[in-house]
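Peer 1: This is the structure I want to talk about, given as structure tokens.
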Amino acid sequence: MPANLNNYYGIDFGTTTSAVVGYMVMDHKPEQFFYGDDEGRPLPSVVAINKTTGEITTGREAWNKKMELSETCEYFSSVKSVLDRDTRTTIAGREWTPVDIAAELFKTLKTSVKERTGNDLSIATVAIPIGFSPEKRDKLRSAAAKAGITISSFVSEPTAAFFANYEELRSSPIVAVFDWGGGTLDVSILKNENGRISELATAGSNIAGDYIDNKIAQRIHAKIARKKGIELAFSDMPSSAQDLMLVRSERAKRALGDDDTATISINNYGPFGACRELLDYDWFADIVEPEVSMAVDCLKKAIEQSGVGLANIDRIVMVGGSSNLRPLIERMDSIYGEKLFFPDETMWNVGQGAARLAMTPGDYYSNQSIGIILSDNSFFALLSPDTPLTNWNMECHFGIVDTNEEARFVFGGSSDIEESPARFKSLSVPAYRFLQEQIILRAFVDENMVFKVIAGSTMRPREYRRVWDYSQLKCYYKLPEMRVEL
Ligand SMILES: Nc1ncnc2c1ncn2[C@@H]1O[C@H](COP(=O)(O)OP(=O)(O)OP(=O)(O)O)[C@@H](O)[C@H]1O
Ligand SMILES: [Mg+2]
């Protein structure tokens with residue numbers, strides 16, 4: 001291998017498509033690679049497992065052969081949305097969890113890197129939606145690990161999209177990122193003060209492309225049922241017919257971005273037989289109006305919450321496949337006009353941003369304080385603003401001042417903690433109330449960015465330790481000096 005060669009990877013593990021972006025740095029010059037399917041597009045996040053043989057088909061091949069495979073295989077799409085579910089499916093004698101299925105997609109991405117460059121994708125920065133629960137983060141880590149990939153850090157999807165377009169956006173102090181994909185809408189208002197990037201406000205929704213496809217499919221189905229005079233709900237159709245209708249609806253949705261009409265024809269639509277429907281743009285715009293309004297309101301809400309006022313938002317970055325919906329673009333354009341920015345290569349943006357962070361990692365710093373309200377009502381800070389969070393931890397010892405058999409810690413330091421009900425902001429640790437007894441409290445931020453406190457009495461065994469966690473930690477990201485020119 002040549003000297004000074006380093007590879008850095010970012011992964012966009014999407015609900016509908018997934019992608020890896022890699023930077024190969026040789027003598028300080030990075031070269032960018034996109035890895036997805038064999039056709040140079042991101043990989044459809046679908047997995048099919050043969051019901052008899054257990055054979056696994058993933059990505060574009062599984063997507064292209066969806067109809068054929070849905071007869072012989074268990075077919076999984078949008079696994080990201082159900083990652084935290086404890087479901088188990090037995091297929092050809094093997095039990096599958098959502099994590100196992102997600103792992104197959106990571107394996108396919110890893111293979112794609114190997115086949116193209118011979119390199120091993122073994123460590124990566126991975127982008128996740130806003131509000132992706134610590135549980136889901138953990139599951140995603142396990143899925144990647146099963147494919148031999150270590151997740152070095154997470155970055156929020158809108159923040160990654162921002163970094164992918166950093167050159168274009170660096171002179172805009174406040175930027176809104178609007179990322180509407182297949183499974184989620186993620187909006188983030190970002191402030192950039194000389195490379196210190198903080199999220200001023202975020203908003204999100206689970207209503208996205210998949211939901212819209214489903215709605216269109218139901219409406220077309222209702223049209224067909226009316227015409228043919230057969231009463232049969234879409235959900236009661238054979239699953240292969242439902243799948244077929246969903247695929248055609250998704251295709252029509254995209255076609256109506258450019259054309260004023262789209263046709264859906266299905267030769268064998270269950271008991272309805274051959275069907276053909278002509279869809280026009282106005283009908284379509286009417287159907288998606290509530291979702292478009294929801295998305296526009298989500299952006300408005302985030303802008304309001306950020307407190308900066310619309311006039312101070314410099315750019316609105318539109319990414320994610322569903323940002324191409326024509327009714328959305330028309331609405332957004334009438335409200336925000338010149339502020340809208342549609343990057344090139346948007347389907348690779350999130351992976352690209354994650355890869356840039358993998359290559360030139362900055363650091364997360366806390367943007368809030370967390371501490372304990374002591375018995376005299378004074379505040380004892382555990383974590384202060386502007387503290388670097390990588391490997392941060394601290395330990396302190398407390399004495400007991402009353403005769404309770406429990407040492408009770410009440411947390412505070414930020415308004416959301418202070419305003420939450422007592423059971424969420426306090427931690428009771430079993431104690432003996434002996435004079436010489438101490439309560440040892442250890443605080444740290446775990447690999448999933450959850451702030452954790454573990455406390456226990458010096459006179460009680462480990463199992464009497466208690467844990468408090470807080471997953472809403474506010475932080476900012478500080479870019480390093482760029483070591484390589486991008
Ligand atoms: N031209 C288009 N018009 C409307 N919708 C589109 C268009 N192109 C793609 N989409 C939709 O965008 C969605 C996929 O977008 P994207 O690849 O950004 O999602 P994802 O990253 O997989 O999902 P998420 O970020 O929610 O996990 C699909 O629902 C797809 O139908
Ligand atoms: Mg996405």
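Naming scheme: A, B, ... for chains in displayed order of the structure tokens; residues 1 onward per chain; ligands 1 onward as shown.
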Residues at most 10 Å from region 408-424 of chain A, counting only C-alpha atoms, excluding those fewer than 3 positions away in the same chain, as a VMD selection string?

Peer 2: chain A and resid 368 to 375 379 to 384 400 404 to 405 427 to 431 441 455 468 to 470 472 to 474

Peer 1: Neighbouring residues of ligand 1 are defined here as those with any atom at most 6 Å from a ligand atom, counting only C-alpha atoms and all ligand atoms; list them as a PyMOL selection string.

Peer 2: chain A and resi 14-17+181-184+209-210+250+253-254+257+320-322+324-325

Peer 1: Given the selection you just returned, output its residues as a file containing N, CA, C and O atoms, formatted as a PDB file, in the first residue's frame.

Peer 2:
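Below is the file again.pdb, written as the result:
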```pdb
ATOM      1  N   GLY A  14     -30.101   4.608   5.317  1.00  0.00           N
ATOM      2  CA  GLY A  14     -31.417   5.223   5.130  1.00  0.00           C
ATOM      3  C   GLY A  14     -32.560   4.227   5.199  1.00  0.00           C
ATOM      4  O   GLY A  14     -32.366   3.017   5.064  1.00  0.00           O
ATOM      5  N   THR A  15     -33.755   4.759   5.394  1.00  0.00           N
ATOM      6  CA  THR A  15     -34.939   3.914   5.454  1.00  0.00           C
ATOM      7  C   THR A  15     -35.197   3.257   4.095  1.00  0.00           C
ATOM      8  O   THR A  15     -35.532   2.087   4.023  1.00  0.00           O
ATOM      9  N   THR A  16     -35.001   4.042   3.021  1.00  0.00           N
ATOM     10  CA  THR A  16     -35.252   3.470   1.697  1.00  0.00           C
ATOM     11  C   THR A  16     -33.979   3.191   0.903  1.00  0.00           C
ATOM     12  O   THR A  16     -33.930   2.230   0.147  1.00  0.00           O
ATOM     13  N   THR A  17     -32.965   4.058   1.078  1.00  0.00           N
ATOM     14  CA  THR A  17     -31.695   3.772   0.412  1.00  0.00           C
ATOM     15  C   THR A  17     -30.536   4.034   1.374  1.00  0.00           C
ATOM     16  O   THR A  17     -30.634   4.883   2.253  1.00  0.00           O
ATOM     17  N   GLY A 181     -36.816  12.209   3.696  1.00  0.00           N
ATOM     18  CA  GLY A 181     -36.452  10.956   3.025  1.00  0.00           C
ATOM     19  C   GLY A 181     -37.639  10.023   2.896  1.00  0.00           C
ATOM     20  O   GLY A 181     -38.778  10.456   2.702  1.00  0.00           O
ATOM     21  N   GLY A 182     -37.354   8.715   3.005  1.00  0.00           N
ATOM     22  CA  GLY A 182     -38.399   7.716   2.880  1.00  0.00           C
ATOM     23  C   GLY A 182     -39.097   7.461   4.208  1.00  0.00           C
ATOM     24  O   GLY A 182     -40.286   7.162   4.245  1.00  0.00           O
ATOM     25  N   GLY A 183     -38.337   7.550   5.296  1.00  0.00           N
ATOM     26  CA  GLY A 183     -38.900   7.225   6.602  1.00  0.00           C
ATOM     27  C   GLY A 183     -39.105   8.405   7.529  1.00  0.00           C
ATOM     28  O   GLY A 183     -39.974   8.365   8.391  1.00  0.00           O
ATOM     29  N   THR A 184     -38.276   9.421   7.402  1.00  0.00           N
ATOM     30  CA  THR A 184     -38.391  10.558   8.323  1.00  0.00           C
ATOM     31  C   THR A 184     -38.154  11.896   7.631  1.00  0.00           C
ATOM     32  O   THR A 184     -37.488  11.976   6.597  1.00  0.00           O
ATOM     33  N   GLY A 209     -41.650   9.672   2.623  1.00  0.00           N
ATOM     34  CA  GLY A 209     -41.950   9.032   1.339  1.00  0.00           C
ATOM     35  C   GLY A 209     -42.753   7.739   1.423  1.00  0.00           C
ATOM     36  O   GLY A 209     -43.713   7.546   0.665  1.00  0.00           O
ATOM     37  N   ASP A 210     -42.371   6.848   2.358  1.00  0.00           N
ATOM     38  CA  ASP A 210     -43.081   5.563   2.481  1.00  0.00           C
ATOM     39  C   ASP A 210     -44.563   5.798   2.768  1.00  0.00           C
ATOM     40  O   ASP A 210     -45.438   5.123   2.222  1.00  0.00           O
ATOM     41  N   GLU A 250     -45.071   4.588  -6.109  1.00  0.00           N
ATOM     42  CA  GLU A 250     -43.829   5.328  -5.876  1.00  0.00           C
ATOM     43  C   GLU A 250     -43.295   5.856  -7.201  1.00  0.00           C
ATOM     44  O   GLU A 250     -42.840   7.003  -7.307  1.00  0.00           O
ATOM     45  N   LYS A 253     -45.390   8.739  -8.387  1.00  0.00           N
ATOM     46  CA  LYS A 253     -45.082   9.924  -7.568  1.00  0.00           C
ATOM     47  C   LYS A 253     -43.871  10.651  -8.136  1.00  0.00           C
ATOM     48  O   LYS A 253     -43.866  11.874  -8.273  1.00  0.00           O
ATOM     49  N   ARG A 254     -42.847   9.892  -8.488  1.00  0.00           N
ATOM     50  CA  ARG A 254     -41.644  10.519  -9.045  1.00  0.00           C
ATOM     51  C   ARG A 254     -41.915  11.090 -10.431  1.00  0.00           C
ATOM     52  O   ARG A 254     -41.459  12.182 -10.755  1.00  0.00           O
ATOM     53  N   GLY A 257     -43.321  14.518 -10.836  1.00  0.00           N
ATOM     54  CA  GLY A 257     -42.427  15.658 -10.594  1.00  0.00           C
ATOM     55  C   GLY A 257     -42.194  16.416 -11.890  1.00  0.00           C
ATOM     56  O   GLY A 257     -42.057  17.642 -11.896  1.00  0.00           O
ATOM     57  N   GLY A 320     -32.712  14.950   0.607  1.00  0.00           N
ATOM     58  CA  GLY A 320     -33.597  13.801   0.778  1.00  0.00           C
ATOM     59  C   GLY A 320     -34.526  13.685  -0.425  1.00  0.00           C
ATOM     60  O   GLY A 320     -34.935  14.692  -1.010  1.00  0.00           O
ATOM     61  N   GLY A 321     -34.831  12.451  -0.793  1.00  0.00           N
ATOM     62  CA  GLY A 321     -35.623  12.194  -1.993  1.00  0.00           C
ATOM     63  C   GLY A 321     -36.969  12.903  -2.020  1.00  0.00           C
ATOM     64  O   GLY A 321     -37.392  13.410  -3.065  1.00  0.00           O
ATOM     65  N   SER A 322     -37.644  12.963  -0.858  1.00  0.00           N
ATOM     66  CA  SER A 322     -38.990  13.547  -0.856  1.00  0.00           C
ATOM     67  C   SER A 322     -38.967  15.068  -1.016  1.00  0.00           C
ATOM     68  O   SER A 322     -40.021  15.668  -1.246  1.00  0.00           O
ATOM     69  N   ASN A 324     -37.944  16.374  -3.471  1.00  0.00           N
ATOM     70  CA  ASN A 324     -38.198  16.583  -4.896  1.00  0.00           C
ATOM     71  C   ASN A 324     -39.687  16.631  -5.246  1.00  0.00           C
ATOM     72  O   ASN A 324     -40.031  16.798  -6.417  1.00  0.00           O
ATOM     73  N   LEU A 325     -40.528  16.435  -4.268  1.00  0.00           N
ATOM     74  CA  LEU A 325     -41.975  16.466  -4.553  1.00  0.00           C
ATOM     75  C   LEU A 325     -42.347  17.829  -5.120  1.00  0.00           C
ATOM     76  O   LEU A 325     -42.127  18.853  -4.469  1.00  0.00           O
TER      77      LEU A 325
END
```

Peer 1: Go through A:Val445, A:Val155, A:Ile329, A:Ala285 and flag the residue nearest Leu256 (chain A), using only C-alpha atoms for the distances.

Peer 2: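 Selected residue with least distance to Leu256 (chain A): A:Ala285.
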
Peer 1: I'd like to know which residues of region 95-128 of chain A are helix (DSSP H, G or I) (by DSSP, run on the backbone); could you write them as a ChimeraX atom specification?

Peer 2: /A:98-117

Peer 1: Taking into account only C-alpha atoms, which residue in the set A:Lys228, A:Lys339, A:Arg116, A:Arg251 is nearest to Asp213 (chain A)?

Peer 2: A:Arg251

Peer 1: Between CA of Ser471 (chain A) and CA of Val296 (chain A), what distance in Å does the model show, to one decimal?

Peer 2: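 CA of Ser471 (chain A) sits 27.2 Å away from CA of Val296 (chain A).
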
Peer 1: Which residues, written as a PDB file with N, CA, C and O atoms, in the first residue's frame, have at least one atom at most 9 Å from Leu69 (chain A), with only C-alpha atoms counted and residues fewer than 3 positions away on the same chain left out?

Peer 2:
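Contents of out_14.pdb, as written:
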```pdb
ATOM      1  N   ALA A  48     -34.251  -9.637   1.019  1.00  0.00           N
ATOM      2  CA  ALA A  48     -35.194 -10.731   0.789  1.00  0.00           C
ATOM      3  C   ALA A  48     -34.511 -12.024   1.218  1.00  0.00           C
ATOM      4  O   ALA A  48     -33.346 -12.250   0.889  1.00  0.00           O
ATOM      5  N   ILE A  49     -35.229 -12.837   1.971  1.00  0.00           N
ATOM      6  CA  ILE A  49     -34.657 -14.106   2.435  1.00  0.00           C
ATOM      7  C   ILE A  49     -35.563 -15.248   1.977  1.00  0.00           C
ATOM      8  O   ILE A  49     -36.756 -15.249   2.297  1.00  0.00           O
ATOM      9  N   ASN A  50     -34.980 -16.165   1.223  1.00  0.00           N
ATOM     10  CA  ASN A  50     -35.757 -17.270   0.657  1.00  0.00           C
ATOM     11  C   ASN A  50     -36.342 -18.165   1.768  1.00  0.00           C
ATOM     12  O   ASN A  50     -35.620 -18.593   2.662  1.00  0.00           O
ATOM     13  N   THR A  57     -30.959 -12.080  -0.593  1.00  0.00           N
ATOM     14  CA  THR A  57     -30.762 -11.140  -1.703  1.00  0.00           C
ATOM     15  C   THR A  57     -30.983  -9.742  -1.135  1.00  0.00           C
ATOM     16  O   THR A  57     -31.955  -9.524  -0.407  1.00  0.00           O
ATOM     17  N   ALA A  62     -32.613  -7.144  -5.092  1.00  0.00           N
ATOM     18  CA  ALA A  62     -33.855  -7.467  -4.385  1.00  0.00           C
ATOM     19  C   ALA A  62     -34.944  -6.485  -4.762  1.00  0.00           C
ATOM     20  O   ALA A  62     -36.121  -6.838  -4.864  1.00  0.00           O
ATOM     21  N   LYS A  65     -36.257  -7.260  -8.348  1.00  0.00           N
ATOM     22  CA  LYS A  65     -37.016  -8.514  -8.461  1.00  0.00           C
ATOM     23  C   LYS A  65     -38.066  -8.634  -7.369  1.00  0.00           C
ATOM     24  O   LYS A  65     -38.438  -9.736  -6.975  1.00  0.00           O
ATOM     25  N   LYS A  66     -38.520  -7.485  -6.880  1.00  0.00           N
ATOM     26  CA  LYS A  66     -39.413  -7.513  -5.727  1.00  0.00           C
ATOM     27  C   LYS A  66     -40.617  -8.448  -5.925  1.00  0.00           C
ATOM     28  O   LYS A  66     -40.940  -9.252  -5.057  1.00  0.00           O
ATOM     29  N   THR A  72     -41.475 -16.087  -3.087  1.00  0.00           N
ATOM     30  CA  THR A  72     -40.635 -17.144  -2.515  1.00  0.00           C
ATOM     31  C   THR A  72     -39.892 -16.712  -1.246  1.00  0.00           C
ATOM     32  O   THR A  72     -39.295 -17.532  -0.563  1.00  0.00           O
ATOM     33  N   CYS A  73     -39.886 -15.417  -0.995  1.00  0.00           N
ATOM     34  CA  CYS A  73     -39.053 -14.906   0.097  1.00  0.00           C
ATOM     35  C   CYS A  73     -39.845 -14.120   1.114  1.00  0.00           C
ATOM     36  O   CYS A  73     -40.931 -13.624   0.815  1.00  0.00           O
ATOM     37  N   GLU A  74     -39.265 -13.978   2.310  1.00  0.00           N
ATOM     38  CA  GLU A  74     -39.734 -12.948   3.242  1.00  0.00           C
ATOM     39  C   GLU A  74     -39.034 -11.687   2.781  1.00  0.00           C
ATOM     40  O   GLU A  74     -37.814 -11.694   2.583  1.00  0.00           O
ATOM     41  N   TYR A  75     -39.792 -10.613   2.617  1.00  0.00           N
ATOM     42  CA  TYR A  75     -39.222  -9.411   2.023  1.00  0.00           C
ATOM     43  C   TYR A  75     -39.245  -8.293   3.064  1.00  0.00           C
ATOM     44  O   TYR A  75     -40.289  -7.996   3.632  1.00  0.00           O
TER      45      TYR A  75
END
```

Peer 1: Asp446 (chain A): which residues within 10 Å, counting only C-alpha atoms, same-chain residues fewer than 6 positions away excluded, as a list of chain:residue names?

Peer 2: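 Those residues are A:Pro134, A:Leu389, A:Thr390, A:Asn391, A:Trp392, A:Asn393, A:Lys452, A:Asp469, A:Ser471.
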
Peer 1: Any idea what's packed within 9 Å of Glu277 (chain A), counting only C-alpha atoms, ignoring anything in its chain fewer than 4 positions away? Could you give it as a PyMOL selection string?

Peer 2: chain A and resi 220+223-224+262-265

Peer 1: Find the residues around Lys107 (chain A) up to 12 Å (only C-alpha atoms counted), leave out those fewer than 5 positions away in its own chain, and share them as a list of chain:residue names.

Peer 2: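 Using only C-alpha atoms, the neighbours found are A:Ser18, A:Ala19, A:Val20, A:Gly36, A:Leu43, A:Ser45, A:Val47, A:Ile56, A:Thr57, A:Thr58, A:Gly59, A:Asp100, A:Ile101, A:Ala102, A:Ser112, A:Val113, A:Lys114, A:Asp120, A:Leu121, A:Ser122, A:Ala143, A:Ala144, A:Ala145, A:Lys146, A:Ala147, A:Gly148, A:Ile149.
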
Peer 1: Between A:Val319, A:Met245, A:Ala124, A:Ala225, which has the minimum distance to ligand 2 (counting only C-alpha atoms and all ligand atoms)?

Peer 2: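 Nearest candidate to ligand 2 out of A:Val319, A:Met245, A:Ala124, A:Ala225: A:Val319.
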
Peer 1: CA of Thr458 (chain A) to CA of Arg442 (chain A): how many Å, to one decimal?

Peer 2: 12.7 Å

Peer 1: What gap, in Å, lies between CA of Arg196 (chain A) and CA of Pro173 (chain A)?

Peer 2: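 Going from CA of Arg196 (chain A) over to CA of Pro173 (chain A) covers 10.3 Å.
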
Peer 1: Could you pull the residues within 10 Å of Lys301 (chain A), counting only C-alpha atoms, minus those fewer than 2 positions along the same chain, as number ranges by chain?

Peer 2: A: 187, 201-204, 295-299, 303-306

Peer 1: Residues of region 229-403 of chain A classed as strand (DSSP E) by DSSP on the backbone are to be reported as an NGL selection string.

Peer 2: :A and (261-266 or 275-280 or 315-319 or 340-341 or 363-366 or 370-373 or 379-383 or 393-398)

Peer 1: Pick the closest to Asp259 (chain A) from A:Asp286, A:Asp280, A:Asp27, A:Asp363: which is it, counting only C-alpha atoms?

Peer 2: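 When distances to Asp259 (chain A) are compared using only C-alpha atoms, the smallest one comes from A:Asp280.
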
Peer 1: Given only C-alpha atoms as the basis, pick out the residue of A:Val175, A:Leu232, A:Val292, A:Cys396 nearest to Leu340 (chain A).

Peer 2: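 Going through A:Val175, A:Leu232, A:Val292, A:Cys396 one by one, the smallest distance to Leu340 (chain A) is for A:Val175.
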
Peer 1: Tell me which of A:Ala176, A:Met347, A:Ile151, A:Val450 sits closest to ligand 2, counting only C-alpha atoms and all ligand atoms.

Peer 2: A:Met347
